[in-house]
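Asker: Here you go, one structure.
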Protein chains: 4
Amino acid sequence: MPMTDAPPPQRRRDSERTRGDILQAALEEFSSMGHSGARVDRIAARAGVSKPMIYDYFGSKDDIYAAALREAYVQIRRGEAQLALDPNNPRAAVRELVHFTMDHFRRKPWFIRLLNSENLMGGKTVAQLSDAADIQSVLVTRLSEVLAQGKRHGVFRRDVDPVECLTSAPMEHFRHLAERRVSGSS
Amino acid sequence: MPMTDAPPPQRRRDSERTRGDILQAALEEFSSMGHSGARVDRIAARAGVSKPMIYDYFGSKDDIYAAALREAYVQIRRGEAQLALDPNNPRAAVRELVHFTMDHFRRKPWFIRLLNSENLMGGKTVAQLSDAADIQSVLVTRLSEVLAQGKRHGVFRRDVDPVECLTSAPMEHFRHLAERRVSGSS
Amino acid sequence: MPMTDAPPPQRRRDSERTRGDILQAALEEFSSMGHSGARVDRIAARAGVSKPMIYDYFGSKDDIYAAALREAYVQIRRGEAQLALDPNNPRAAVRELVHFTMDHFRRKPWFIRLLNSENLMGGKTVAQLSDAADIQSVLVTRLSEVLAQGKRHGVFRRDVDPVECLTSAPMEHFRHLAERRVSGSS
Amino acid sequence: MPMTDAPPPQRRRDSERTRGDILQAALEEFSSMGHSGARVDRIAARAGVSKPMIYDYFGSKDDIYAAALREAYVQIRRGEAQLALDPNNPRAAVRELVHFTMDHFRRKPWFIRLLNSENLMGGKTVAQLSDAADIQSVLVTRLSEVLAQGKRHGVFRRDVDPVECLTSAPMEHFRHLAERRVSGSS
DNA sequence: GATGAATGAGGGTTCATTCAT
DNA sequence: GATGAATGAACCCTCATTCAT
């Protein structure tokens, strides 16, 4: 009579991994359901842990939301940091950055949905993450370099504040592009 | 003694107006809070009616949501219908349509937020509105006309399904524009 | 086939009475179980209402607790107010007051248990009831009168602050009496 | 090389001390927060041990509560046992006992609060401690001696059951004293 | 012996929805 | 037609308790 009955669920003892699993599950749940539509039970189920663990690792639903948002930004910034931007060709560098961002949107649709969900809850903005500045600094630094080079090369007409680029709503940005595109092609 | 067919119209007027008030309140609540963030109490308070009235006029929270979505589309379509599109200049006609849409987005920010909130509730899509087809038909018709003319004039290279234009995510649309814009300007 | 099935629970529509029922139930539950031992479910069950009603009438568990405490004081003060105290015999008046209080303790044992339960939750004291002063003022007034008369008649040796009488812990009071009694009788 | 019978005693010492620490922490927690207000986490933190240790040394929250209650009684009884009561002066002996008890209350306020907390949990009474009788027997014995002597000396009018003295609520006891005091002084 | 990690069972609170006037 | 009063079903969160190292 061999031991054929599967071992009991064998609760994970790896706290690092558990934390990651919860975060991933939260990312999925929040981006697909929004902040108020998300259910802590579902996050727990997706992560394969019990509900109280979520409160052990993160403090509350809002805290997991913040952590998920933070994680999303960390992921995209990490990708940007690994980009090889040619400092001598600022135009191409900007193009590269935009392309990477767009590609990230397409490859991880939950990202843009998660960002959108921010608008739907009063007051909770990514800017309120305690270390938001640190996280965004990666992009700011790279953008600054590129813009500085561009100015030096005479490619861009005037000083552009990289932080302003970040804070201007993407919609506005796209709107401009769209309008110019249409009028430009007539 | 003029206008003596009195009471009924007045009643109906009030009834109609109450319905409108509720709808407007729902529009505001849903677009600012999202589907699950919205509270029926708040809609009632905003509309200045009691909660049961809401269930009298609409059947359930989801029904009000659908009605609000419908109303939003009706409003934008009504605007489009009043647009004077030159059938002999399809390029300009498309430009006009896009401009109107963009302007609508800017003037009524709740519209785009309401549309976004759709993605955040599983399954509930505008397509599920019972008369979605009818509502959208205004735009479809106009777009069809324009595209047909354009094809005839040789402006557009190939058949374009107007419905496909509507269902493709706006983001995708913008992405194309953005990518072309960048590469086109290098 | 006569109508023998009892009418449905016939939900109470009398908000005044419902409020009173909840308060009474809370009084019982809190005094028998203490603040943290009390269960909102049980209060609701005792009062014969559903749980949400408790949150409609009072705002939270802590608020019902405060209301119950308040009610307890109101009840004992009401009794004191109806006491006929002879202003010309301060000694007898004090005796009367003490007797009434003791009797109240004996007739409504929950009262003293409810008061005791205060000590078991940090910070929550009767003094924190917003209108504590108003409620206690009945006793303060009566006590002041009696003490003033007593002083005038030369019965009490010196000014006694009635408020101090109230704030001094009953235990301390009893301890003094007990010690004097024992030593006095030796 | 003195004192080489080393490890075991030391171990036992530590074990004993850990147990004592937990008990002391429990005493503080239970008397300040009541039975249901007490948190096992806090007891562990106060005692400087991990939570599972508590379940190793005691079996459950209720068991710690019982142990704390027991410890409280053991402490007061130990004090009483060391009292030098003059068997030939029963009146003074009783006075001494009462004085000691009152002093104990004053010096260790948590004692009376812990006792009070009993009333606030249904069913859990000191009487349910398995060895309650043994613990209380110290006082019973001493009281019996004193009362017996008193009767022999003709100081007390009739048989008094010492156990009844213990079970009658302290409040009742104080009430008698208070009433007599007031009426006696008129 | 000691502990970090994990959980079942329940507690307080909210919310969409209905009843009865 | 209109509403104050009421509720079932969750939802977020906590807590005593145990497992596995």
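By convention here, the chains of the structure tokens are called A, B, ... in the order presented, each chain's residues are numbered starting at 1, and ligands are numbered starting at 1 in the order presented.
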Env of Leu27 (chain D): 9 Å cut, atoms = only C-alpha atoms (C1' of nucleotides), seq-sep filter 2 positions within chain, self excluded. Answer as a PyMOL selection string.
Answerer: chain D and resi 22-25+29-32+43+65+68-69+71-72+110-111+114
Asker: Write a file of the just-selected residues containing C-alpha atoms, as a CSV table (one decimal), in the first residue's frame.
Answerer:
```
chain,number,residue,atom,x,y,z
D,22,ILE,CA,3.2,35.0,31.3
D,23,LEU,CA,1.0,34.9,34.4
D,24,GLN,CA,2.0,38.4,35.4
D,25,ALA,CA,1.3,39.7,31.9
D,29,GLU,CA,-4.0,42.4,30.6
D,30,PHE,CA,-7.1,40.7,32.0
D,31,SER,CA,-7.6,43.2,34.8
D,32,SER,CA,-7.2,46.2,32.6
D,43,ILE,CA,-0.1,39.0,26.8
D,65,TYR,CA,-7.7,33.5,32.7
D,68,ALA,CA,-4.6,34.4,36.5
D,69,LEU,CA,-7.7,34.4,38.8
D,71,GLU,CA,-2.9,33.4,41.1
D,72,ALA,CA,-4.7,36.5,42.3
D,110,TRP,CA,-5.9,45.2,39.4
D,111,PHE,CA,-7.1,42.6,41.9
D,114,LEU,CA,-9.9,41.3,37.9
```
Asker: For the contact check between chain A and chain E, emit one row per residue of chain A within 8 Å, containing the shortest atom pair and the distance in Å rounded to one decimal, counting only C-alpha atoms (C1' of nucleotides), chain then rising number order, as a Markdown table.
Answerer:
```
| residue | atom | partner | partner_atom | distance |
| --- | --- | --- | --- | --- |
| A:Arg11 | CA | E:DA6 | C1' | 7.3 |
| A:Arg13 | CA | E:DA5 | C1' | 6.2 |
| A:Ser15 | CA | E:DA5 | C1' | 7.5 |
| A:Ser50 | CA | E:DT7 | C1' | 6.3 |
| A:Pro52 | CA | E:DT7 | C1' | 7.4 |
| A:Met53 | CA | E:DA6 | C1' | 7.2 |
```
Asker: Taking only C-alpha atoms (C1' of nucleotides) into account, what are the residues of chain D at most 10 Å from chain F, put as an NGL selection string?
Answerer: :D and (39-41 or 51-52 or 55 or 60-61)
Asker: Store the residues picked out above in a file with C-alpha atoms, as a compact mmCIF listing (two decimals), in the first residue's frame.
Answerer:
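Once everything was written out, this is out-v8.txt:
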```
# COMPACT_ATOMS: atom_id res chain seq x y z
CA ARG D 39 -5.80 39.83 23.64
CA VAL D 40 -3.50 36.86 23.66
CA ASP D 41 -1.07 38.75 21.43
CA LYS D 51 2.35 33.34 21.10
CA PRO D 52 2.69 29.57 20.82
CA TYR D 55 -0.39 27.72 24.46
CA SER D 60 -6.14 28.26 26.00
CA LYS D 61 -7.15 31.81 26.67
```
Asker: Using only C-alpha atoms (C1' of nucleotides), determine which residues lie at most 10 Å from Leu85 (chain D), disregarding the query and same-chain residues fewer than 2 positions distant; provide the list as an MDAnalysis selection string.
Answerer: chainID D and resid 80:83 87:90 92:97 142 145:146
Asker: Between CA of Pro109 (chain B) and CA of Arg107 (chain A), what is the distance, to one decimal in Å?
Answerer: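 Separation of CA of Pro109 (chain B) and CA of Arg107 (chain A): 27.4 Å.
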Asker: Which of region 74-119 of chain C end up as alpha helix (DSSP H) when DSSP is run on this backbone - answer as a ChimeraX atom specification?
Answerer: /C:74-81,90-107,109-119
Asker: Considering only C-alpha atoms, state which residue in the set B:Ala84, B:Val49, B:Met102, B:Ala67 is at the smallest distance from chain A.
Answerer: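 Under the stated criterion, the closest residue is B:Met102.
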Asker: Between CA of Arg113 (chain A) and CA of Arg46 (chain B), what distance in Å does the model show, to one decimal?
Answerer: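 The value is 28.2 Å.
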Asker: Between CA of Ile135 (chain C) and CA of Glu28 (chain C), what is the spacing in Å?
Answerer: 20.8 Å
